[in-house]
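Source file coords.csv; content: CSV, C-alpha atoms.
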chain,number,residue,atom,x,y,z
A,1,MET,CA,-25.6,64.4,57.3
A,2,ILE,CA,-26.5,62.5,54.1
A,3,VAL,CA,-29.4,64.1,52.3
A,4,VAL,CA,-31.6,62.0,50.0
A,5,ALA,CA,-33.5,64.1,47.3
A,6,GLY,CA,-36.3,62.6,45.4
A,7,GLU,CA,-39.8,61.1,45.5
A,8,ALA,CA,-41.8,59.3,48.1
A,9,LEU,CA,-44.7,57.3,46.9
A,10,ILE,CA,-47.0,54.3,47.6
A,11,ASP,CA,-46.2,50.9,46.0
A,12,LEU,CA,-49.3,48.8,45.4
A,13,VAL,CA,-47.9,45.3,45.8
A,14,PRO,CA,-49.8,42.2,44.7
A,15,ARG,CA,-50.4,39.5,47.3
A,16,GLY,CA,-51.0,36.6,45.1
A,17,ALA,CA,-50.8,35.5,41.4
A,18,GLY,CA,-52.7,37.0,38.4
A,19,ALA,CA,-53.6,40.4,37.2
A,20,LEU,CA,-56.4,40.8,39.6
A,21,ALA,CA,-54.5,39.8,42.8
A,22,ALA,CA,-55.3,41.9,45.8
A,23,LEU,CA,-53.0,44.9,46.1
A,24,THR,CA,-51.4,46.0,49.4
A,25,PRO,CA,-50.2,49.5,49.8
A,26,ALA,CA,-46.5,49.8,50.9
A,27,LEU,CA,-44.4,52.9,51.5
A,28,GLY,CA,-41.9,53.3,48.7
A,29,GLY,CA,-40.1,55.3,46.1
A,30,GLY,CA,-36.3,54.8,45.4
A,31,PRO,CA,-35.1,57.9,47.3
A,32,PHE,CA,-37.6,57.3,50.2
A,33,ASN,CA,-36.3,53.7,50.5
A,34,THR,CA,-32.7,55.0,50.5
A,35,ALA,CA,-33.4,57.5,53.3
A,36,VAL,CA,-35.1,54.8,55.4
A,37,ALA,CA,-32.2,52.4,54.8
A,38,LEU,CA,-29.7,55.1,55.9
A,39,GLY,CA,-31.6,55.8,59.0
A,40,ARG,CA,-31.8,52.1,59.9
A,41,LEU,CA,-28.1,51.7,59.3
A,42,GLY,CA,-27.5,54.5,61.8
A,43,SER,CA,-26.3,57.3,59.4
A,44,PRO,CA,-27.6,60.8,60.1
A,45,ALA,CA,-29.9,61.4,57.2
A,46,ALA,CA,-32.4,63.9,55.9
A,47,PHE,CA,-35.1,63.7,53.2
A,48,CYS,CA,-35.6,66.5,50.6
A,49,SER,CA,-38.8,66.2,48.6
A,50,ARG,CA,-42.4,67.4,48.2
A,51,VAL,CA,-44.9,65.2,49.9
A,52,SER,CA,-48.7,65.2,49.8
A,53,ARG,CA,-50.8,66.2,52.8
A,54,ASP,CA,-53.1,63.2,52.2
A,55,ALA,CA,-53.1,60.1,54.5
A,56,PHE,CA,-50.5,58.4,52.4
A,57,GLY,CA,-48.2,61.4,52.7
A,58,GLU,CA,-48.6,61.5,56.4
A,59,ALA,CA,-47.7,57.7,56.6
A,60,LEU,CA,-44.6,58.3,54.5
A,61,LEU,CA,-43.4,61.1,56.8
A,62,ASP,CA,-44.2,59.0,59.9
A,63,ARG,CA,-42.0,56.2,58.7
A,64,LEU,CA,-39.1,58.6,58.0
A,65,ARG,CA,-39.5,60.2,61.5
A,66,GLU,CA,-39.6,56.7,63.1
A,67,THR,CA,-36.4,55.8,61.4
A,68,GLY,CA,-34.7,59.0,62.6
A,69,VAL,CA,-34.6,60.8,59.3
A,70,ASP,CA,-34.8,64.6,59.4
A,71,VAL,CA,-37.8,65.8,57.4
A,72,SER,CA,-37.4,69.5,57.9
A,73,SER,CA,-36.5,70.0,54.2
A,74,VAL,CA,-39.7,68.3,53.0
A,75,GLN,CA,-42.1,70.5,51.1
A,76,ARG,CA,-45.9,69.8,51.4
A,77,GLY,CA,-48.7,70.0,48.9
A,78,ASP,CA,-52.5,69.3,48.7
A,79,GLU,CA,-52.1,67.2,45.5
A,80,PRO,CA,-52.4,63.4,45.9
A,81,THR,CA,-49.5,61.0,46.5
A,82,THR,CA,-48.0,59.2,43.5
A,83,LEU,CA,-48.9,55.5,43.1
A,84,ALA,CA,-46.7,52.7,41.7
A,85,VAL,CA,-48.4,49.4,40.9
A,86,ALA,CA,-45.9,46.6,41.2
A,87,THR,CA,-45.9,43.3,39.3
A,88,ILE,CA,-43.7,40.6,40.8
A,89,GLY,CA,-42.0,38.1,38.4
A,90,SER,CA,-41.4,34.4,39.2
A,91,ASP,CA,-37.8,35.3,40.2
A,92,GLY,CA,-39.0,38.0,42.6
A,93,SER,CA,-38.1,40.9,40.3
A,94,ALA,CA,-40.5,43.8,40.3
A,95,ALA,CA,-41.8,45.9,37.3
A,96,TYR,CA,-43.9,49.0,37.8
A,97,SER,CA,-46.7,51.1,36.3
A,98,PHE,CA,-47.1,54.6,37.6
A,99,TYR,CA,-50.0,57.0,38.4
A,100,VAL,CA,-48.2,60.4,38.4
A,101,GLU,CA,-50.4,63.0,36.8
A,102,GLY,CA,-51.1,65.9,39.2
A,103,THR,CA,-49.3,64.4,42.1
A,104,ALA,CA,-47.5,66.3,44.8
A,105,ASP,CA,-43.9,65.1,44.4
A,106,ARG,CA,-43.4,66.3,40.8
A,107,LEU,CA,-44.0,69.9,41.9
A,108,PHE,CA,-40.8,70.0,44.0
A,109,THR,CA,-38.9,73.3,43.9
A,110,THR,CA,-35.2,73.8,44.5
A,111,PRO,CA,-34.6,74.6,48.2
A,112,GLU,CA,-32.6,77.7,49.2
A,113,ALA,CA,-30.2,75.6,51.3
A,114,LEU,CA,-29.5,72.1,52.4
A,115,PRO,CA,-29.5,71.0,56.0
A,116,ALA,CA,-26.5,72.1,58.1
A,117,GLY,CA,-23.7,69.7,58.0
A,118,THR,CA,-24.6,68.1,54.7
A,119,ARG,CA,-21.8,65.9,53.4
A,120,ALA,CA,-23.5,64.1,50.6
A,121,VAL,CA,-26.7,64.3,48.5
A,122,SER,CA,-28.2,61.3,46.7
A,123,PHE,CA,-30.5,61.6,43.6
A,124,GLY,CA,-32.4,59.3,41.4
A,125,THR,CA,-35.4,57.4,40.0
A,126,CYS,CA,-38.7,59.1,39.0
A,127,SER,CA,-37.8,62.5,40.4
A,128,LEU,CA,-35.3,63.1,37.6
A,129,VAL,CA,-37.8,62.3,34.9
A,130,LEU,CA,-41.1,64.1,35.9
A,131,GLU,CA,-41.2,67.8,35.2
A,132,PRO,CA,-41.2,70.4,36.5
A,133,GLY,CA,-39.6,68.8,39.6
A,134,ALA,CA,-37.0,67.1,37.5
A,135,SER,CA,-35.3,70.4,36.6
A,136,ALA,CA,-35.4,71.5,40.2
A,137,TYR,CA,-33.6,68.3,41.4
A,138,GLU,CA,-31.1,68.7,38.5
A,139,GLU,CA,-30.4,72.3,39.7
A,140,LEU,CA,-29.9,71.1,43.2
A,141,MET,CA,-27.5,68.4,42.0
A,142,ARG,CA,-25.4,70.8,40.1
A,143,SER,CA,-25.3,73.5,42.8
A,144,ALA,CA,-24.4,71.0,45.5
A,145,HIS,CA,-21.6,69.5,43.5
A,146,ALA,CA,-20.3,73.0,42.7
A,147,ARG,CA,-20.1,73.7,46.4
A,148,GLY,CA,-18.0,70.6,47.0
A,149,VAL,CA,-20.8,68.3,48.3
A,150,PHE,CA,-20.4,64.6,47.4
A,151,THR,CA,-23.2,63.7,45.0
A,152,ALA,CA,-24.5,60.2,44.3
A,153,LEU,CA,-26.8,59.2,41.4
A,154,ASP,CA,-28.9,56.1,40.8
A,155,PRO,CA,-30.9,56.7,37.6
A,156,ASN,CA,-33.0,53.6,38.4
A,157,ILE,CA,-34.6,53.7,34.9
A,158,ARG,CA,-38.4,53.3,34.6
A,159,PRO,CA,-38.9,53.2,30.9
A,160,GLY,CA,-42.7,53.6,31.1
A,161,LEU,CA,-42.2,57.1,32.4
A,162,ILE,CA,-39.6,58.2,29.8
A,163,ALA,CA,-41.4,59.6,26.8
A,164,ASP,CA,-38.2,60.4,24.8
A,165,PRO,CA,-35.4,57.9,25.7
A,166,ASP,CA,-32.8,59.6,23.5
A,167,ALA,CA,-33.4,62.9,25.2
A,168,TYR,CA,-33.2,61.3,28.6
A,169,ARG,CA,-29.9,59.6,27.7
A,170,ALA,CA,-28.5,62.9,26.6
A,171,ARG,CA,-29.6,64.5,29.9
A,172,PHE,CA,-28.0,61.6,31.9
A,173,ARG,CA,-24.7,62.3,30.2
A,174,GLY,CA,-25.1,66.0,31.0
A,175,TRP,CA,-25.4,65.1,34.7
A,176,LEU,CA,-22.2,63.1,35.0
A,177,PRO,CA,-19.8,66.1,35.5
A,178,SER,CA,-21.9,66.9,38.6
A,179,VAL,CA,-21.8,63.3,40.0
A,180,SER,CA,-19.3,61.9,42.5
A,181,LEU,CA,-20.6,58.3,42.7
A,182,LEU,CA,-22.7,56.7,39.9
A,183,LYS,CA,-24.5,53.5,40.9
A,184,LEU,CA,-26.8,51.6,38.5
A,185,SER,CA,-28.0,48.1,37.7
A,186,ALA,CA,-26.7,46.2,34.7
A,187,GLU,CA,-30.1,46.5,33.1
A,188,ASP,CA,-30.0,50.3,33.5
A,189,ALA,CA,-26.5,50.4,32.1
A,190,GLU,CA,-27.6,48.5,29.0
A,191,TRP,CA,-30.6,50.8,28.5
A,192,LEU,CA,-28.5,53.9,28.8
A,193,GLY,CA,-25.7,52.8,26.5
A,194,GLY,CA,-22.1,53.6,27.0
A,195,SER,CA,-19.7,52.0,29.5
A,196,PRO,CA,-18.4,52.6,33.0
A,197,ARG,CA,-15.1,53.8,31.6
A,198,GLU,CA,-16.9,56.3,29.4
A,199,TRP,CA,-19.0,57.5,32.3
A,200,LEU,CA,-15.9,57.8,34.6
A,201,ALA,CA,-14.2,60.0,32.0
A,202,ALA,CA,-17.2,62.4,32.2
A,203,GLY,CA,-16.9,63.1,35.9
A,204,PRO,CA,-17.7,60.4,38.6
A,205,ALA,CA,-14.9,59.2,40.9
A,206,ALA,CA,-16.4,55.7,40.8
A,207,VAL,CA,-19.1,53.7,39.0
A,208,VAL,CA,-20.8,50.7,40.8
A,209,VAL,CA,-22.8,48.3,38.6
A,210,THR,CA,-25.1,45.8,40.4
A,211,ARG,CA,-26.1,42.4,38.8
A,212,GLY,CA,-28.7,41.1,41.3
A,213,GLY,CA,-27.6,37.8,42.8
A,214,ASP,CA,-24.4,37.8,40.7
A,215,GLY,CA,-23.0,40.6,42.8
A,216,LEU,CA,-21.5,44.1,42.4
A,217,THR,CA,-18.6,45.6,40.5
A,218,VAL,CA,-16.9,49.0,41.0
A,219,PHE,CA,-14.9,50.8,38.4
A,220,THR,CA,-12.6,53.6,39.5
A,221,ARG,CA,-10.8,56.4,37.8
A,222,ASP,CA,-7.3,54.9,38.3
A,223,GLY,CA,-8.3,51.8,36.3
A,224,GLY,CA,-9.4,49.7,39.2
A,225,GLU,CA,-12.1,47.1,38.8
A,226,TYR,CA,-13.2,45.1,41.8
A,227,THR,CA,-16.1,42.6,42.1
A,228,VAL,CA,-17.8,40.8,45.0
A,229,PRO,CA,-20.4,38.0,44.6
A,230,GLY,CA,-24.0,38.4,45.7
A,231,GLU,CA,-25.1,36.8,49.0
A,232,ARG,CA,-27.3,33.8,48.4
A,233,VAL,CA,-30.7,34.1,50.0
A,234,GLU,CA,-34.2,32.9,49.4
A,235,VAL,CA,-35.7,35.9,47.4
A,236,VAL,CA,-39.2,37.0,48.4
A,237,ASP,CA,-39.0,40.0,46.1
A,238,THR,CA,-36.3,42.6,45.0
A,239,ILE,CA,-38.3,45.7,45.9
A,240,GLY,CA,-35.9,48.2,47.5
A,241,ALA,CA,-32.7,46.1,47.0
A,242,GLY,CA,-31.0,48.7,44.8
A,243,ASP,CA,-32.0,51.5,47.2
A,244,THR,CA,-30.5,49.5,50.0
A,245,VAL,CA,-27.2,49.2,48.0
A,246,ASN,CA,-27.3,53.0,47.6
A,247,ALA,CA,-27.7,53.5,51.3
A,248,ALA,CA,-25.0,50.9,52.2
A,249,LEU,CA,-22.5,52.5,49.9
A,250,LEU,CA,-23.1,56.0,51.3
A,251,HIS,CA,-23.1,54.7,54.9
A,252,GLY,CA,-19.9,52.8,54.3
A,253,LEU,CA,-18.2,55.7,52.6
A,254,ALA,CA,-19.1,58.0,55.5
A,255,ALA,CA,-17.8,55.5,58.0
A,256,ARG,CA,-14.5,55.5,56.1
A,257,ASP,CA,-14.4,59.3,55.9
A,258,ALA,CA,-14.4,58.8,52.1
A,259,LEU,CA,-17.3,61.1,51.0
A,260,SER,CA,-15.0,62.9,48.6
A,261,ASP,CA,-13.2,62.1,45.3
A,262,GLU,CA,-10.0,61.9,47.2
A,263,GLY,CA,-11.5,59.5,49.8
A,264,VAL,CA,-13.0,57.3,47.0
A,265,ALA,CA,-9.6,57.1,45.3
A,266,ALA,CA,-7.9,56.1,48.5
A,267,LEU,CA,-10.1,53.1,49.2
A,268,GLY,CA,-8.2,50.6,46.9
A,269,ALA,CA,-9.0,47.0,46.4
A,270,VAL,CA,-9.4,46.0,50.1
A,271,GLY,CA,-11.5,49.0,50.9
A,272,TRP,CA,-13.8,48.6,47.9
A,273,ARG,CA,-14.3,44.8,48.4
A,274,GLY,CA,-15.2,45.4,52.0
A,275,LEU,CA,-17.7,48.1,51.1
A,276,LEU,CA,-19.2,46.2,48.2
A,277,GLY,CA,-19.5,43.1,50.4
A,278,PHE,CA,-21.4,45.1,53.0
A,279,ALA,CA,-23.7,46.5,50.4
A,280,ALA,CA,-24.4,42.9,49.0
A,281,ARG,CA,-25.2,41.6,52.5
A,282,ALA,CA,-27.6,44.5,53.2
A,283,ALA,CA,-29.4,44.0,49.9
A,284,ALA,CA,-29.7,40.3,50.6
A,285,VAL,CA,-31.6,41.1,53.8
A,286,THR,CA,-34.0,43.3,51.9
A,287,CYS,CA,-34.6,40.6,49.2
A,288,SER,CA,-35.4,38.1,51.9
A,289,ARG,CA,-38.6,39.8,52.9
A,290,ALA,CA,-41.6,41.3,51.2
A,291,GLY,CA,-41.6,45.0,50.1
A,292,ALA,CA,-38.8,47.5,50.7
A,293,GLU,CA,-37.8,46.6,54.2
A,294,PRO,CA,-34.0,47.4,54.5
A,295,PRO,CA,-32.0,46.0,57.4
A,296,TYR,CA,-31.2,47.6,60.7
A,297,ALA,CA,-27.5,47.9,61.7
A,298,HIS,CA,-27.9,45.2,64.3
A,299,GLU,CA,-29.2,42.7,61.7
A,300,LEU,CA,-26.0,43.1,59.7
A,301,GLU,CA,-23.9,42.8,62.8
A,302,ALA,CA,-25.6,39.5,63.5
A,303,ARG,CA,-24.5,38.4,60.0
A,304,GLY,CA,-20.9,39.1,60.7
A,305,VAL,CA,-20.6,42.6,59.2

Would you write the structure of this file as structure tokens?
Amino acid sequence: MIVVAGEALIDLVPRGAGALAALTPALGGGPFNTAVALGRLGSPAAFCSRVSRDAFGEALLDRLRETGVDVSSVQRGDEPTTLAVATIGSDGSAAYSFYVEGTADRLFTTPEALPAGTRAVSFGTCSLVLEPGASAYEELMRSAHARGVFTALDPNIRPGLIADPDAYRARFRGWLPSVSLLKLSAEDAEWLGGSPREWLAAGPAAVVVTRGGDGLTVFTRDGGEYTVPGERVEVVDTIGAGDTVNAALLHGLAARDALSDEGVAALGAVGWRGLLGFAARAAAVTCSRAGAEPPYAHELEARGV
């Protein structure tokens, strides 16, 4: 079981050009997208969050159930669902503004236990910024890692939500001793400061840096550095691409029985290049269609995975 902990929200995606283009609601949130992607790839997955009882919240849970994701760890609340308004650039990249005050997901509380059979927990995005939920997710990360559970972190920086960047950067560095796998975009890495080697020294077994269409690079504790190119595809938008990479990495590590520091260390050049290539192909499928629509396992099999 791979547990994904974090927010589920509604992306309002423009269907056309200009500031007043019509907005279409789409199910989203980085952790939510990661959970859906894991389910579609065939990994046993569970979602750990707090979701509104409004119509948007019901739609979010319906999608998780349809994908085979266990929602028994989801807390519920009467507060509204968080909204994220997307702006799509000419290259398909997405920027967001958020409506988060008084919403359900930020009131998450630390659960007493994770689902039976949990082998890994994934964290990231808004859920680690917005209090009081952020502290509860942080507590869950630390306690899971202390019990020997593999922990993955994608900070997925949203600068508009971070009131004190320096305080967040310090908090990020404080998480690293409790992180097994750190995955982040090149843009997030630049915003955070530091380097993969510095982060590795603080705790993670591996750091994966994504560079959009230019591919992915992993840095490992033993000095390894392995890169694969991105897969060329006609980009509709990049919504959910990084979340798909998260899921593909965790799915691939589970398939290789490598959800441990020792397993990560044993992958070597061949194992990492195969895993990164799989993640790149999965992300390319997501980029080829509108919104966060990660691939199903059979779609990747058809592409020669």

statement: Of A:Arg50, A:Lys183, A:Arg256, A:His251, the one nearest to Thr220 (chain A) when counting only C-alpha atoms is A:Lys183

task: Please provide as a list in words all residues within 6 Å of region 101-116 of chain A, with the sequence filter that same-chain residues fewer than 5 positions apart are discarded (counting only C-alpha atoms).
output: Glu7, Arg50, Val51, Ser52, Gly77, Glu79, Pro80, Thr81, Thr82, Leu130, Gly133 and Ala136 of chain A

Who sits within 12 Å of Leu192 (chain A), all atoms listed in the file, same chain under 2 positions skipped, as a list in words: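 Contacts, in chain order: Pro155, Asn156, Ile157, Arg158, Pro159, Ile162, Pro165, Asp166, Ala167, Tyr168, Arg169, Ala170, Arg171, Phe172, Arg173, Leu184, Ser185, Ala186, Glu187, Asp188, Ala189, Glu190, Gly194, Ser195, Pro196, Glu198 and Trp199 of chain A.
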
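When only C-alpha atoms are used to compute distances to Leu27 (chain A), the closest of the residues A:Arg273, A:Arg232, A:Arg63, A:His298 turns out to be A:Arg63.
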
message: Using all atoms listed in the file, can you tell me which of A:Val218, A:Cys48, A:Val69, A:Cys126 comes closest to Gly277 (chain A)?
response: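 Under the stated criterion, the closest residue is A:Val218.
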
Neighbour list for region 14-18 of chain A as a ChimeraX atom specification, cut-off 10 Å, only C-alpha atoms, skip fewer than 6 positions in-chain: /A:24-25,85-90,290

query: Which of these, A:Gly224, A:Gly160, A:Gly68, A:Gly240, has the shortest distance to Gly28 (chain A) once you count only C-alpha atoms?
result: A:Gly240

field: Counting all atoms listed in the file, the residue of A:Asn246, A:Ser260, A:Thr227, A:Ser43 that sits nearest Ala205 (chain A)
entry: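 Smallest separation from Ala205 (chain A) among the options: A:Ser260.
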
Compile the contact shell of Arg142 (chain A) as a PDB file with C-alpha atoms, in the coordinates of the input: residues with an atom at most 12 Å away, counting only C-alpha atoms, same-chain residues fewer than 5 positions apart removed.
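Result went into selection_16.pdb, see below:
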ATOM      1  CA  THR A 110     -35.200  73.800  44.500  1.00  0.00           C
ATOM      2  CA  VAL A 121     -26.700  64.300  48.500  1.00  0.00           C
ATOM      3  CA  SER A 122     -28.200  61.300  46.700  1.00  0.00           C
ATOM      4  CA  PHE A 123     -30.500  61.600  43.600  1.00  0.00           C
ATOM      5  CA  SER A 135     -35.300  70.400  36.600  1.00  0.00           C
ATOM      6  CA  ALA A 136     -35.400  71.500  40.200  1.00  0.00           C
ATOM      7  CA  TYR A 137     -33.600  68.300  41.400  1.00  0.00           C
ATOM      8  CA  ARG A 147     -20.100  73.700  46.400  1.00  0.00           C
ATOM      9  CA  GLY A 148     -18.000  70.600  47.000  1.00  0.00           C
ATOM     10  CA  VAL A 149     -20.800  68.300  48.300  1.00  0.00           C
ATOM     11  CA  PHE A 150     -20.400  64.600  47.400  1.00  0.00           C
ATOM     12  CA  THR A 151     -23.200  63.700  45.000  1.00  0.00           C
ATOM     13  CA  ALA A 152     -24.500  60.200  44.300  1.00  0.00           C
ATOM     14  CA  LEU A 153     -26.800  59.200  41.400  1.00  0.00           C
ATOM     15  CA  GLY A 174     -25.100  66.000  31.000  1.00  0.00           C
ATOM     16  CA  TRP A 175     -25.400  65.100  34.700  1.00  0.00           C
ATOM     17  CA  LEU A 176     -22.200  63.100  35.000  1.00  0.00           C
ATOM     18  CA  PRO A 177     -19.800  66.100  35.500  1.00  0.00           C
ATOM     19  CA  SER A 178     -21.900  66.900  38.600  1.00  0.00           C
ATOM     20  CA  VAL A 179     -21.800  63.300  40.000  1.00  0.00           C
ATOM     21  CA  SER A 180     -19.300  61.900  42.500  1.00  0.00           C
TER      22      SER A 180
END
